[in-house]
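Structure file target-v1.csv (CSV, C-alpha atoms (C1' of nucleotides)) is printed below.
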```csv
chain,number,residue,atom,x,y,z
A,25,MET,CA,-19.5,-36.8,-25.2
A,26,ALA,CA,-22.0,-34.0,-24.9
A,27,GLN,CA,-20.2,-32.0,-22.3
A,28,HIS,CA,-17.1,-32.0,-24.3
A,29,ASN,CA,-18.9,-30.7,-27.4
A,30,GLU,CA,-20.5,-28.0,-25.3
A,31,MET,CA,-17.1,-26.8,-24.2
A,32,LEU,CA,-15.9,-26.6,-27.8
A,33,GLN,CA,-18.9,-24.5,-28.7
A,34,SER,CA,-18.1,-22.2,-25.8
A,35,VAL,CA,-14.6,-21.7,-27.1
A,36,ARG,CA,-16.1,-20.3,-30.3
A,37,ALA,CA,-18.8,-18.4,-28.5
A,38,ALA,CA,-16.1,-16.6,-26.6
A,39,GLY,CA,-14.6,-15.5,-29.9
A,40,HIS,CA,-11.8,-18.0,-30.2
A,41,ARG,CA,-11.0,-20.2,-33.1
A,42,LEU,CA,-11.6,-23.9,-32.9
A,43,THR,CA,-8.3,-25.5,-34.0
A,44,PRO,CA,-7.6,-29.2,-34.0
A,45,GLN,CA,-4.8,-28.5,-31.5
A,46,ARG,CA,-7.3,-27.1,-29.0
A,47,GLU,CA,-9.8,-29.8,-29.6
A,48,SER,CA,-7.3,-32.5,-29.0
A,49,VAL,CA,-5.9,-31.0,-25.8
A,50,LEU,CA,-9.4,-30.7,-24.4
A,51,ALA,CA,-10.2,-34.2,-25.6
A,52,VAL,CA,-7.2,-35.6,-23.8
A,53,ILE,CA,-8.0,-33.9,-20.6
A,54,ALA,CA,-11.7,-34.8,-20.8
A,55,ALA,CA,-10.8,-38.5,-21.4
A,56,SER,CA,-8.6,-38.6,-18.3
A,57,GLU,CA,-9.9,-39.2,-14.9
A,58,GLN,CA,-7.0,-37.6,-13.0
A,59,HIS,CA,-4.4,-34.9,-13.1
A,60,LEU,CA,-2.2,-34.7,-16.1
A,61,THR,CA,1.0,-32.8,-16.6
A,62,ALA,CA,1.6,-30.7,-19.6
A,63,GLU,CA,4.2,-33.2,-20.8
A,64,GLU,CA,1.8,-36.1,-20.5
A,65,ILE,CA,-0.9,-34.1,-22.3
A,66,LEU,CA,1.6,-33.3,-25.1
A,67,LYS,CA,2.5,-37.0,-25.4
A,68,ARG,CA,-1.1,-38.1,-25.5
A,69,VAL,CA,-2.2,-35.5,-28.0
A,70,ARG,CA,0.5,-36.5,-30.4
A,71,THR,CA,-0.9,-40.0,-30.7
A,72,ARG,CA,-4.1,-38.4,-32.0
A,73,TYR,CA,-2.9,-35.3,-33.7
A,74,SER,CA,0.4,-36.2,-35.3
A,75,TYR,CA,2.2,-33.0,-34.6
A,76,LEU,CA,1.7,-30.2,-32.2
A,77,GLY,CA,4.2,-27.9,-30.5
A,78,LYS,CA,4.6,-27.5,-26.8
A,79,SER,CA,3.7,-23.8,-26.9
A,80,ALA,CA,0.3,-24.7,-28.5
A,81,VAL,CA,-0.4,-27.1,-25.6
A,82,TYR,CA,0.5,-24.5,-23.0
A,83,ARG,CA,-1.5,-21.8,-24.8
A,84,SER,CA,-4.5,-24.1,-25.2
A,85,LEU,CA,-4.3,-25.0,-21.6
A,86,ASP,CA,-4.2,-21.4,-20.6
A,87,LEU,CA,-7.2,-20.6,-22.7
A,88,LEU,CA,-9.2,-23.6,-21.4
A,89,THR,CA,-8.3,-22.5,-17.9
A,90,GLU,CA,-9.4,-19.0,-18.6
A,91,LEU,CA,-12.7,-20.3,-19.9
A,92,GLY,CA,-13.1,-22.3,-16.7
A,93,PHE,CA,-13.0,-25.8,-18.2
A,94,VAL,CA,-9.6,-26.8,-16.8
A,95,THR,CA,-7.9,-26.2,-13.6
A,96,GLN,CA,-4.2,-25.9,-13.1
A,97,THR,CA,-2.6,-27.0,-9.8
A,98,ASP,CA,1.0,-26.8,-8.7
A,99,LEU,CA,1.4,-29.7,-6.3
A,100,GLY,CA,5.0,-28.7,-5.8
A,101,GLN,CA,6.7,-31.2,-8.0
A,102,GLY,CA,8.2,-28.6,-10.2
A,103,ARG,CA,5.4,-29.0,-12.8
A,104,ILE,CA,1.8,-28.1,-13.0
A,105,GLU,CA,-1.0,-30.6,-13.0
A,106,TYR,CA,-4.1,-30.1,-15.3
A,107,GLU,CA,-7.5,-31.5,-15.0
A,108,LEU,CA,-11.1,-30.9,-16.0
A,109,HIS,CA,-12.6,-28.3,-13.8
A,110,GLN,CA,-14.7,-30.1,-11.2
A,111,HIS,CA,-17.6,-28.7,-9.2
A,112,PRO,CA,-17.8,-28.4,-6.3
A,113,HIS,CA,-14.4,-27.0,-5.5
A,114,HIS,CA,-11.9,-29.1,-3.8
A,115,HIS,CA,-8.4,-28.7,-2.4
A,116,HIS,CA,-5.3,-30.7,-1.7
A,117,LEU,CA,-3.4,-31.2,1.5
A,118,VAL,CA,0.2,-32.1,0.5
A,119,CYS,CA,2.4,-33.6,3.2
A,120,ARG,CA,5.8,-32.1,3.0
A,121,ASN,CA,7.3,-35.2,4.6
A,122,CYS,CA,5.9,-38.2,2.9
A,123,GLY,CA,4.3,-36.5,-0.1
A,124,GLU,CA,0.9,-37.9,0.6
A,125,ILE,CA,-1.9,-35.9,-1.0
A,126,THR,CA,-5.3,-35.7,0.6
A,127,GLN,CA,-8.4,-34.2,-1.0
A,128,VAL,CA,-10.5,-31.8,1.1
A,129,ASP,CA,-13.8,-30.2,0.2
A,130,HIS,CA,-14.4,-26.5,0.1
A,131,GLN,CA,-16.2,-26.2,3.4
A,132,PRO,CA,-13.3,-25.1,5.7
A,133,PHE,CA,-12.5,-22.4,3.2
A,134,THR,CA,-15.8,-20.7,3.0
A,135,ASN,CA,-15.3,-18.8,6.2
A,136,LEU,CA,-11.9,-17.5,5.0
A,137,GLU,CA,-13.5,-16.5,1.8
A,138,LYS,CA,-16.2,-14.5,3.5
A,139,GLN,CA,-13.8,-12.7,5.8
A,140,LEU,CA,-11.6,-11.6,3.0
A,141,LYS,CA,-14.6,-10.3,1.2
A,142,LEU,CA,-15.9,-8.6,4.3
A,143,LYS,CA,-12.8,-7.0,5.6
A,144,HIS,CA,-10.9,-6.3,2.4
A,145,GLY,CA,-13.6,-6.3,-0.3
A,146,PHE,CA,-11.4,-8.9,-1.9
A,147,ASN,CA,-13.0,-11.5,-4.1
A,148,ALA,CA,-10.7,-14.5,-3.6
A,149,ASP,CA,-10.5,-17.3,-6.1
A,150,LEU,CA,-10.3,-20.0,-3.5
A,151,ASP,CA,-10.4,-23.0,-5.7
A,152,HIS,CA,-8.2,-26.0,-6.0
A,153,PHE,CA,-5.7,-25.0,-3.4
A,154,ALA,CA,-2.6,-27.0,-2.6
A,155,ILE,CA,-1.8,-26.5,1.1
A,156,PHE,CA,1.5,-27.8,2.4
A,157,GLY,CA,2.2,-29.1,5.8
A,158,GLN,CA,2.5,-32.3,7.7
A,159,CYS,CA,0.0,-35.1,7.6
A,160,ARG,CA,-1.3,-36.8,10.7
A,161,ARG,CA,1.0,-39.8,10.4
A,162,CYS,CA,4.2,-37.8,9.9
A,163,ASP,CA,3.2,-35.4,12.5
A,164,SER,CA,2.9,-38.0,15.2
A,165,ARG,CA,6.2,-39.6,14.4
A,166,ALA,CA,7.8,-36.1,14.2
A,167,GLY,CA,11.5,-35.3,14.5
A,168,THR,CA,12.5,-36.7,11.2
A,169,ARG,CA,13.0,-33.7,9.0
A,170,ALA,CA,11.4,-33.5,5.6
A,171,THR,CA,13.6,-35.2,3.1
A,172,ARG,CA,11.7,-35.0,-0.2
A,173,LYS,CA,13.0,-31.8,-1.8
A,174,ALA,CA,9.9,-31.8,-3.9
A,175,ASN,CA,7.8,-31.0,-0.9
A,176,ARG,CA,9.8,-28.0,-0.1
A,177,LYS,CA,8.9,-26.5,-3.5
A,178,GLY,CA,5.9,-24.5,-4.4
A,179,GLU,CA,4.6,-24.5,-1.0
A,180,ILE,CA,1.0,-23.4,-1.5
A,181,THR,CA,0.3,-23.1,-5.1
A,182,GLN,CA,-3.3,-23.1,-6.2
A,183,THR,CA,-5.2,-23.4,-9.3
A,184,ARG,CA,-4.6,-20.9,-12.0
A,185,ARG,CA,-7.6,-19.3,-13.6
A,186,GLY,CA,-8.0,-16.6,-16.1
B,20,MET,CA,23.7,-6.9,13.9
B,21,ALA,CA,23.0,-9.3,16.7
B,22,GLN,CA,20.1,-11.0,15.2
B,23,HIS,CA,22.0,-11.6,12.0
B,24,ASN,CA,24.9,-13.1,13.9
B,25,GLU,CA,22.5,-15.3,15.8
B,26,MET,CA,21.3,-16.8,12.6
B,27,LEU,CA,24.8,-17.5,11.4
B,28,GLN,CA,25.4,-19.4,14.6
B,29,SER,CA,22.2,-21.4,14.0
B,30,VAL,CA,23.4,-22.4,10.6
B,31,ARG,CA,26.5,-24.0,12.2
B,32,ALA,CA,24.4,-25.4,15.1
B,33,ALA,CA,22.3,-27.2,12.6
B,34,GLY,CA,25.4,-28.9,11.3
B,35,HIS,CA,25.9,-26.8,8.2
B,36,ARG,CA,29.1,-25.1,7.3
B,37,LEU,CA,29.5,-21.3,7.4
B,38,THR,CA,30.6,-20.2,4.0
B,39,PRO,CA,31.2,-16.7,2.8
B,40,GLN,CA,28.5,-17.3,0.2
B,41,ARG,CA,25.9,-18.1,2.8
B,42,GLU,CA,26.9,-15.3,5.0
B,43,SER,CA,26.6,-12.7,2.3
B,44,VAL,CA,23.3,-14.0,1.0
B,45,LEU,CA,21.9,-13.7,4.5
B,46,ALA,CA,23.5,-10.3,5.0
B,47,VAL,CA,21.9,-9.0,1.8
B,48,ILE,CA,18.4,-10.2,2.8
B,49,ALA,CA,18.8,-8.9,6.4
B,50,ALA,CA,19.9,-5.5,5.1
B,51,SER,CA,16.8,-5.2,2.9
B,52,GLU,CA,13.5,-4.0,4.1
B,53,GLN,CA,11.4,-5.7,1.4
B,54,HIS,CA,11.1,-8.7,-0.9
B,55,LEU,CA,14.0,-9.4,-3.1
B,56,THR,CA,14.2,-11.6,-6.1
B,57,ALA,CA,17.0,-14.2,-6.4
B,58,GLU,CA,18.4,-12.2,-9.3
B,59,GLU,CA,18.5,-9.0,-7.2
B,60,ILE,CA,20.1,-10.9,-4.3
B,61,LEU,CA,22.7,-12.3,-6.7
B,62,LYS,CA,23.5,-8.9,-8.0
B,63,ARG,CA,23.8,-7.4,-4.5
B,64,VAL,CA,25.9,-10.2,-3.1
B,65,ARG,CA,28.3,-9.8,-5.9
B,66,THR,CA,29.1,-6.3,-4.9
B,67,ARG,CA,30.2,-7.7,-1.5
B,68,TYR,CA,31.6,-11.0,-2.4
B,69,SER,CA,33.2,-10.7,-5.8
B,70,TYR,CA,32.1,-13.9,-7.3
B,71,LEU,CA,29.4,-16.4,-6.5
B,72,GLY,CA,27.4,-18.7,-8.7
B,73,LYS,CA,23.6,-18.6,-9.0
B,74,SER,CA,23.3,-22.1,-7.8
B,75,ALA,CA,25.0,-21.2,-4.5
B,76,VAL,CA,22.5,-18.4,-4.1
B,77,TYR,CA,19.5,-20.7,-4.7
B,78,ARG,CA,21.0,-23.3,-2.4
B,79,SER,CA,21.7,-20.8,0.3
B,80,LEU,CA,18.2,-19.5,0.0
B,81,ASP,CA,16.8,-22.9,0.3
B,82,LEU,CA,18.9,-23.6,3.4
B,83,LEU,CA,17.9,-20.4,5.1
B,84,THR,CA,14.3,-21.1,4.3
B,85,GLU,CA,14.6,-24.5,5.7
B,86,LEU,CA,16.0,-23.1,8.9
B,87,GLY,CA,13.2,-20.6,9.0
B,88,PHE,CA,15.1,-17.4,8.6
B,89,VAL,CA,13.8,-16.6,5.1
B,90,THR,CA,10.4,-16.9,3.5
B,91,GLN,CA,9.9,-17.5,-0.2
B,92,THR,CA,6.7,-16.2,-1.9
B,93,ASP,CA,5.6,-16.6,-5.4
B,94,LEU,CA,3.5,-13.5,-6.1
B,95,GLY,CA,2.8,-14.8,-9.6
B,96,GLN,CA,5.3,-12.7,-11.5
B,97,GLY,CA,7.2,-15.8,-12.7
B,98,ARG,CA,9.9,-15.4,-10.1
B,99,ILE,CA,10.1,-15.9,-6.4
B,100,GLU,CA,10.4,-13.2,-3.8
B,101,TYR,CA,12.6,-13.7,-0.7
B,102,GLU,CA,12.5,-11.8,2.5
B,103,LEU,CA,13.5,-12.2,6.1
B,104,HIS,CA,11.0,-14.3,8.0
B,105,GLN,CA,8.7,-12.0,9.8
B,106,HIS,CA,6.6,-12.8,12.8
B,107,PRO,CA,3.7,-12.7,13.0
B,108,HIS,CA,2.6,-14.4,9.8
B,109,HIS,CA,1.1,-12.3,7.1
B,110,HIS,CA,-0.3,-13.0,3.7
B,111,HIS,CA,-0.9,-11.3,0.4
B,112,LEU,CA,-4.0,-10.7,-1.6
B,113,VAL,CA,-3.0,-10.3,-5.2
B,114,CYS,CA,-5.5,-8.8,-7.6
B,115,ARG,CA,-5.5,-10.6,-10.9
B,116,ASN,CA,-6.8,-7.6,-12.7
B,117,CYS,CA,-4.7,-4.7,-11.6
B,118,GLY,CA,-1.9,-6.5,-9.9
B,119,GLU,CA,-2.4,-4.7,-6.6
B,120,ILE,CA,-1.0,-6.5,-3.6
B,121,THR,CA,-2.6,-6.1,-0.2
B,122,GLN,CA,-1.1,-7.4,3.0
B,123,VAL,CA,-3.4,-9.3,5.3
B,124,ASP,CA,-2.7,-10.5,8.8
B,125,HIS,CA,-3.1,-14.1,9.8
B,126,GLN,CA,-6.3,-13.9,11.7
B,127,PRO,CA,-8.8,-15.0,9.0
B,128,PHE,CA,-6.6,-18.0,8.5
B,129,THR,CA,-6.6,-19.3,12.0
B,130,ASN,CA,-10.0,-20.9,11.7
B,131,LEU,CA,-9.0,-22.8,8.5
B,132,GLU,CA,-5.9,-23.9,10.2
B,133,LYS,CA,-7.8,-25.3,13.1
B,134,GLN,CA,-10.4,-27.1,11.0
B,135,LEU,CA,-7.7,-28.8,8.9
B,136,LYS,CA,-6.1,-30.0,12.1
B,137,LEU,CA,-9.3,-31.1,13.6
B,138,LYS,CA,-10.9,-32.9,10.6
B,139,HIS,CA,-7.8,-34.2,8.9
B,140,GLY,CA,-5.1,-34.1,11.5
B,141,PHE,CA,-3.2,-32.0,9.0
B,142,ASN,CA,-0.7,-29.5,10.3
B,143,ALA,CA,-0.9,-26.9,7.7
B,144,ASP,CA,1.9,-24.4,7.1
B,145,LEU,CA,-0.3,-21.4,6.6
B,146,ASP,CA,2.3,-18.7,6.3
B,147,HIS,CA,2.9,-16.1,3.8
B,148,PHE,CA,0.2,-17.1,1.5
B,149,ALA,CA,-0.5,-15.4,-1.8
B,150,ILE,CA,-4.2,-15.5,-2.7
B,151,PHE,CA,-5.3,-14.4,-6.1
B,152,GLY,CA,-8.6,-12.9,-6.9
B,153,GLN,CA,-10.2,-9.5,-7.5
B,154,CYS,CA,-9.7,-6.4,-5.4
B,155,ARG,CA,-12.6,-4.2,-4.3
B,156,ARG,CA,-11.9,-1.6,-7.0
B,157,CYS,CA,-11.7,-4.0,-9.9
B,158,ASP,CA,-14.6,-6.0,-8.6
B,159,SER,CA,-16.9,-3.0,-8.6
B,160,ARG,CA,-16.1,-2.0,-12.1
B,161,ALA,CA,-16.2,-5.6,-13.2
B,162,GLY,CA,-16.7,-6.8,-16.8
B,163,THR,CA,-13.2,-6.0,-17.9
B,164,ARG,CA,-11.4,-9.3,-18.1
B,165,ALA,CA,-8.1,-9.7,-16.4
B,166,THR,CA,-5.4,-8.7,-18.8
B,167,ARG,CA,-2.2,-9.0,-17.0
B,168,LYS,CA,-0.9,-12.4,-17.8
B,169,ALA,CA,1.3,-12.3,-14.8
B,170,ASN,CA,-1.7,-12.5,-12.6
B,171,ARG,CA,-2.9,-15.6,-14.2
B,172,LYS,CA,0.3,-17.3,-13.1
B,173,GLY,CA,1.0,-19.1,-9.9
B,174,GLU,CA,-2.4,-18.5,-8.7
B,175,ILE,CA,-2.0,-19.2,-5.0
B,176,THR,CA,1.5,-19.8,-4.3
B,177,GLN,CA,2.7,-19.5,-0.8
B,178,THR,CA,5.8,-19.4,1.1
B,179,ARG,CA,8.2,-22.3,0.8
B,180,ARG,CA,9.5,-23.7,4.0
B,181,GLY,CA,11.7,-26.7,4.9
C,19,DT,C1',50.0,-26.3,11.6
C,20,DT,C1',48.9,-30.0,8.7
C,21,DC,C1',46.0,-33.6,7.2
C,22,DC,C1',41.5,-35.6,6.2
C,23,DT,C1',36.7,-35.9,5.4
C,24,DT,C1',33.0,-34.4,3.2
C,25,DA,C1',29.8,-30.5,2.7
C,26,DT,C1',29.6,-26.9,-0.5
C,27,DT,C1',30.9,-24.6,-4.6
C,28,DG,C1',31.0,-23.2,-9.7
C,29,DC,C1',30.0,-24.8,-13.8
C,30,DA,C1',27.4,-26.3,-17.6
C,31,DA,C1',23.7,-28.9,-19.0
C,32,DC,C1',19.1,-29.4,-18.2
C,33,DT,C1',13.9,-28.6,-16.8
C,34,DG,C1',9.2,-26.7,-17.3
C,35,DG,C1',7.3,-23.0,-19.1
C,36,DT,C1',7.1,-18.4,-21.8
C,37,DC,C1',7.6,-15.3,-25.7
C,38,DG,C1',8.4,-13.0,-30.4
C,39,DC,C1',7.9,-13.7,-34.9
C,40,DA,C1',7.1,-15.3,-39.5
C,41,DA,C1',4.1,-18.8,-41.6
C,42,DT,C1',-0.3,-21.0,-41.6
C,43,DA,C1',-5.1,-21.7,-41.4
C,44,DA,C1',-9.7,-20.6,-39.2
C,45,DC,C1',-13.4,-18.0,-40.0
C,46,DT,C1',-16.0,-14.1,-42.5
C,47,DA,C1',-17.8,-11.9,-46.4
C,48,DC,C1',-18.6,-12.1,-51.0
D,6,DG,C1',-15.9,-21.6,-53.8
D,7,DT,C1',-12.5,-17.8,-53.4
D,8,DA,C1',-10.2,-14.1,-51.2
D,9,DG,C1',-8.9,-11.4,-47.2
D,10,DT,C1',-8.2,-10.7,-42.3
D,11,DT,C1',-6.1,-11.9,-38.4
D,12,DA,C1',-5.9,-15.4,-34.6
D,13,DT,C1',-3.2,-19.3,-33.9
D,14,DT,C1',0.6,-22.1,-34.8
D,15,DG,C1',5.6,-24.0,-34.7
D,16,DC,C1',9.8,-22.7,-34.0
D,17,DG,C1',13.8,-21.4,-31.6
D,18,DA,C1',15.5,-18.4,-28.2
D,19,DC,C1',14.8,-17.4,-23.8
D,20,DC,C1',13.6,-17.3,-18.6
D,21,DA,C1',14.0,-18.7,-13.6
D,22,DG,C1',15.3,-22.3,-11.2
D,23,DT,C1',17.5,-27.3,-10.5
D,24,DT,C1',20.8,-30.8,-10.9
D,25,DG,C1',25.1,-33.8,-11.4
D,26,DC,C1',29.7,-33.7,-11.0
D,27,DA,C1',34.5,-32.7,-10.3
D,28,DA,C1',37.1,-29.2,-7.7
D,29,DT,C1',37.4,-26.6,-3.5
D,30,DA,C1',37.5,-25.4,1.1
D,31,DA,C1',35.3,-25.6,6.0
D,32,DG,C1',35.8,-27.6,10.2
D,33,DG,C1',37.4,-31.4,13.2
D,34,DA,C1',41.3,-34.4,14.6
D,35,DA,C1',46.0,-35.2,15.3
```

Whole structure, structure tokens version:
Amino acid sequence: MAQHNEMLQSVRAAGHRLTPQRESVLAVIAASEQHLTAEEILKRVRTRYSYLGKSAVYRSLDLLTELGFVTQTDLGQGRIEYELHQHPHHHHLVCRNCGEITQVDHQPFTNLEKQLKLKHGFNADLDHFAIFGQCRRCDSRAGTRATRKANRKGEITQTRRG
Amino acid sequence: MAQHNEMLQSVRAAGHRLTPQRESVLAVIAASEQHLTAEEILKRVRTRYSYLGKSAVYRSLDLLTELGFVTQTDLGQGRIEYELHQHPHHHHLVCRNCGEITQVDHQPFTNLEKQLKLKHGFNADLDHFAIFGQCRRCDSRAGTRATRKANRKGEITQTRRG
DNA sequence: TTCCTTATTGCAACTGGTCGCAATAACTAC
DNA sequence: GTAGTTATTGCGACCAGTTGCAATAAGGAA
């Protein structure tokens, strides 16, 4: 996996040490096609690398995020989801009622981005947003209040980056 | 405090019981001009209402949020800030480098809101956003990497609502 | 006023994630 | 290959917030 190796080199290039812990965390994420929770990553890494503490996982994840290889998204389930950083940027619409998650591309956000830059000189990191609300289906058969507590949590968390 | 009383009545109207715990949590928030953390609320409530457990505070806060009286914002400091729900909507730009927080009005978000509705039929709850990035000042004297860990956290959390 | 139902509470245990610190092990220089 | 420096690790304690449960008390009915 060339891309994977490239990332490992970047870790060193950025002045960080290449430990088996970091390697295996990255390997696990790179091998997965979808979001993983820290717990899931920990579990999977342990099948490869016999032992590794949870703090090392979190710290590796933070580092990889800082280097831009991984994105962290809080989809409001009380835990964070990690995945390989994808280009181009995409975002998630999370229905507070049924929990459905829809992917959206970056396009509708570009204007917001520009305006914040223009008016406030603020360079927003608009990547991998999770926006909460009501999906079309739940919206049309409204009235029923949101029941899934999970949806009430974390409201609009987005990707963490370094 | 008429508005305050009105809210208490709404709690009952929505079929919830009016307990001294809930009253005092609301009173504390209503009496404050700015964001409060749950811990601060707990502390203040205890000066009025001798004893009250933290879970009651969190549950009251959730209820008041659900009823739309309170907004919860995660500004990335590892704890949530609560305040009386203000109209019109406003948002926060949080600088990941220096930690500076700038208030923004809702205007730049209206377009995004419309587009999500139009393209995806999604009714986004775009209120009380916290957007992370770099402020003008830090952006101009770039190069220095973000140091404040706090800013790396929670990235784009927004208000929680019910 | 008393009784009854059940929402709400306090508690204590738990969750995901963070932090400080001594031990370990990458990397550098020799 | 060996030694030295120091980033990184594992650990255990901690943090904010959540949850399950038995005890309590709010509000409605009699």

- Go ahead and compute the interatomic distance for atom CA of A:Ala51 and atom CA of A:Val81, in Å to one decimal.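 Calculated distance between atom CA of A:Ala51 and atom CA of A:Val81 is 12.1 Å.
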
- Restrict the distance test to only C-alpha atoms (C1' of nucleotides), flag each residue of chain C within 9 Å of chain B, and return the flagged residues as a ChimeraX atom specification. /C:25-29

Near stretch 13-34 of chain D, 9 Å: chain C residue rows, closest pairs, all atoms listed in the file, as a tab-separated table:
```
residue	atom	partner	partner_atom	distance
C:DC21	C1'	D:DA34	C1'	8.8
C:DC22	C1'	D:DA34	C1'	8.5
C:DA25	C1'	D:DA31	C1'	8.1
C:DT26	C1'	D:DA30	C1'	8.2
C:DT27	C1'	D:DT29	C1'	6.9
C:DG28	C1'	D:DA28	C1'	8.8
C:DA31	C1'	D:DT24	C1'	8.8
C:DC32	C1'	D:DT24	C1'	7.6
C:DT33	C1'	D:DT23	C1'	7.4
C:DG35	C1'	D:DC20	C1'	8.5
C:DT36	C1'	D:DC20	C1'	7.3
C:DC37	C1'	D:DC19	C1'	7.7
C:DA41	C1'	D:DT14	C1'	8.3
C:DT42	C1'	D:DT14	C1'	6.9
C:DA43	C1'	D:DT13	C1'	8.1
C:DA44	C1'	D:DT13	C1'	8.5
```

- Query: What does the distance from atom CA of A:His114 to atom CA of B:Cys117 come to in Å, to one decimal?
  - Reply: 26.6 Å

- Item | Atom pair atom CA of A:Gln96 / atom CA of A:Gln158: separation (Å) |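 Computed distance, atom CA of A:Gln96 to atom CA of A:Gln158, equals 22.8 Å.
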
- Message: With distances taken over all atoms listed in the file, which residue among B:His108, B:Asp81, B:Val44, B:Gly87 lies nearest chain A?
- Response: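 Nearest candidate to chain A out of B:His108, B:Asp81, B:Val44, B:Gly87: B:Asp81.
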
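Of the residues under consideration (B:Thr92, B:Asn142, B:Gln22, B:Ser159), B:Asn142 shows the shortest atom-to-atom contact distance to chain A when counting only C-alpha atoms.
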
- Message: Around the point (-16.7, -26.4, -27.6) (coordinates from the file), which residues reach within 12 Å if we count all atoms listed in the file? Answer as a PyMOL selection string.
- Response: chain A and resi 25-44+46-51+54+88+91+93

- Near-B:Leu112 list (6 Å; only C-alpha atoms (C1' of nucleotides); drop same-chain fewer than 6 positions) as a PyMOL selection string: chain B and resi 120-121+149-151

Env of A:Arg68: 10 Å cut, atoms = all atoms listed in the file, seq-sep filter 3 positions within chain, self excluded. Answer as a short mmCIF file (atom, residue, chain, number, x, y, z; two decimals) with C-alpha atoms, keeping the file's coordinate frame.
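Contents of result_31.cif, as written:
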```cif
data_model
loop_
_atom_site.label_atom_id
_atom_site.label_comp_id
_atom_site.auth_asym_id
_atom_site.auth_seq_id
_atom_site.Cartn_x
_atom_site.Cartn_y
_atom_site.Cartn_z
CA SER A 48 -7.30 -32.50 -29.00
CA VAL A 49 -5.90 -31.00 -25.80
CA ALA A 51 -10.20 -34.20 -25.60
CA VAL A 52 -7.20 -35.60 -23.80
CA ILE A 53 -8.00 -33.90 -20.60
CA ALA A 62 1.60 -30.70 -19.60
CA GLU A 63 4.20 -33.20 -20.80
CA GLU A 64 1.80 -36.10 -20.50
CA ILE A 65 -0.90 -34.10 -22.30
CA THR A 71 -0.90 -40.00 -30.70
CA ARG A 72 -4.10 -38.40 -32.00
CA TYR A 73 -2.90 -35.30 -33.70
#
```

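Ranking B:Asp93, B:Glu119, B:Glu52, B:Glu85 by their shortest atom-to-atom distance to chain D, with all atoms listed in the file included, puts B:Asp93 first.
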
Could you give me stretch 110-123 of chain B completed to N, CA and C atoms, formatted as an mmCIF file, keeping the file's coordinate frame?
```
data_model
loop_
_atom_site.group_PDB
_atom_site.id
_atom_site.type_symbol
_atom_site.label_atom_id
_atom_site.label_comp_id
_atom_site.auth_asym_id
_atom_site.auth_seq_id
_atom_site.Cartn_x
_atom_site.Cartn_y
_atom_site.Cartn_z
ATOM 1 N N HIS B 110 -0.003 -12.391 4.995
ATOM 2 C CA HIS B 110 -0.300 -13.000 3.700
ATOM 3 C C HIS B 110 -0.549 -11.869 2.677
ATOM 4 N N HIS B 111 -0.686 -12.280 1.429
ATOM 5 C CA HIS B 111 -0.900 -11.300 0.400
ATOM 6 C C HIS B 111 -2.080 -11.587 -0.474
ATOM 7 N N LEU B 112 -2.875 -10.548 -0.693
ATOM 8 C CA LEU B 112 -4.000 -10.700 -1.600
ATOM 9 C C LEU B 112 -3.530 -10.028 -2.935
ATOM 10 N N VAL B 113 -3.476 -10.822 -3.970
ATOM 11 C CA VAL B 113 -3.000 -10.300 -5.200
ATOM 12 C C VAL B 113 -4.157 -10.185 -6.223
ATOM 13 N N CYS B 114 -4.399 -8.966 -6.685
ATOM 14 C CA CYS B 114 -5.500 -8.800 -7.600
ATOM 15 C C CYS B 114 -5.073 -9.186 -9.013
ATOM 16 N N ARG B 115 -5.860 -10.069 -9.559
ATOM 17 C CA ARG B 115 -5.500 -10.600 -10.900
ATOM 18 C C ARG B 115 -5.742 -9.622 -11.984
ATOM 19 N N ASN B 116 -6.503 -8.616 -11.689
ATOM 20 C CA ASN B 116 -6.800 -7.600 -12.700
ATOM 21 C C ASN B 116 -5.805 -6.494 -12.754
ATOM 22 N N CYS B 117 -5.631 -5.827 -11.623
ATOM 23 C CA CYS B 117 -4.700 -4.700 -11.600
ATOM 24 C C CYS B 117 -3.382 -4.956 -11.016
ATOM 25 N N GLY B 118 -3.243 -6.140 -10.428
ATOM 26 C CA GLY B 118 -1.900 -6.500 -9.900
ATOM 27 C C GLY B 118 -1.667 -5.998 -8.493
ATOM 28 N N GLU B 119 -2.582 -5.252 -7.947
ATOM 29 C CA GLU B 119 -2.400 -4.700 -6.600
ATOM 30 C C GLU B 119 -2.197 -5.781 -5.563
ATOM 31 N N ILE B 120 -1.254 -5.543 -4.666
ATOM 32 C CA ILE B 120 -1.000 -6.500 -3.600
ATOM 33 C C ILE B 120 -1.304 -5.912 -2.250
ATOM 34 N N THR B 121 -2.186 -6.572 -1.505
ATOM 35 C CA THR B 121 -2.600 -6.100 -0.200
ATOM 36 C C THR B 121 -2.085 -7.068 0.879
ATOM 37 N N GLN B 122 -1.520 -6.544 1.945
ATOM 38 C CA GLN B 122 -1.100 -7.400 3.000
ATOM 39 C C GLN B 122 -2.308 -7.693 3.958
ATOM 40 N N VAL B 123 -2.382 -8.924 4.425
ATOM 41 C CA VAL B 123 -3.400 -9.300 5.300
ATOM 42 C C VAL B 123 -2.769 -9.993 6.519
#
```
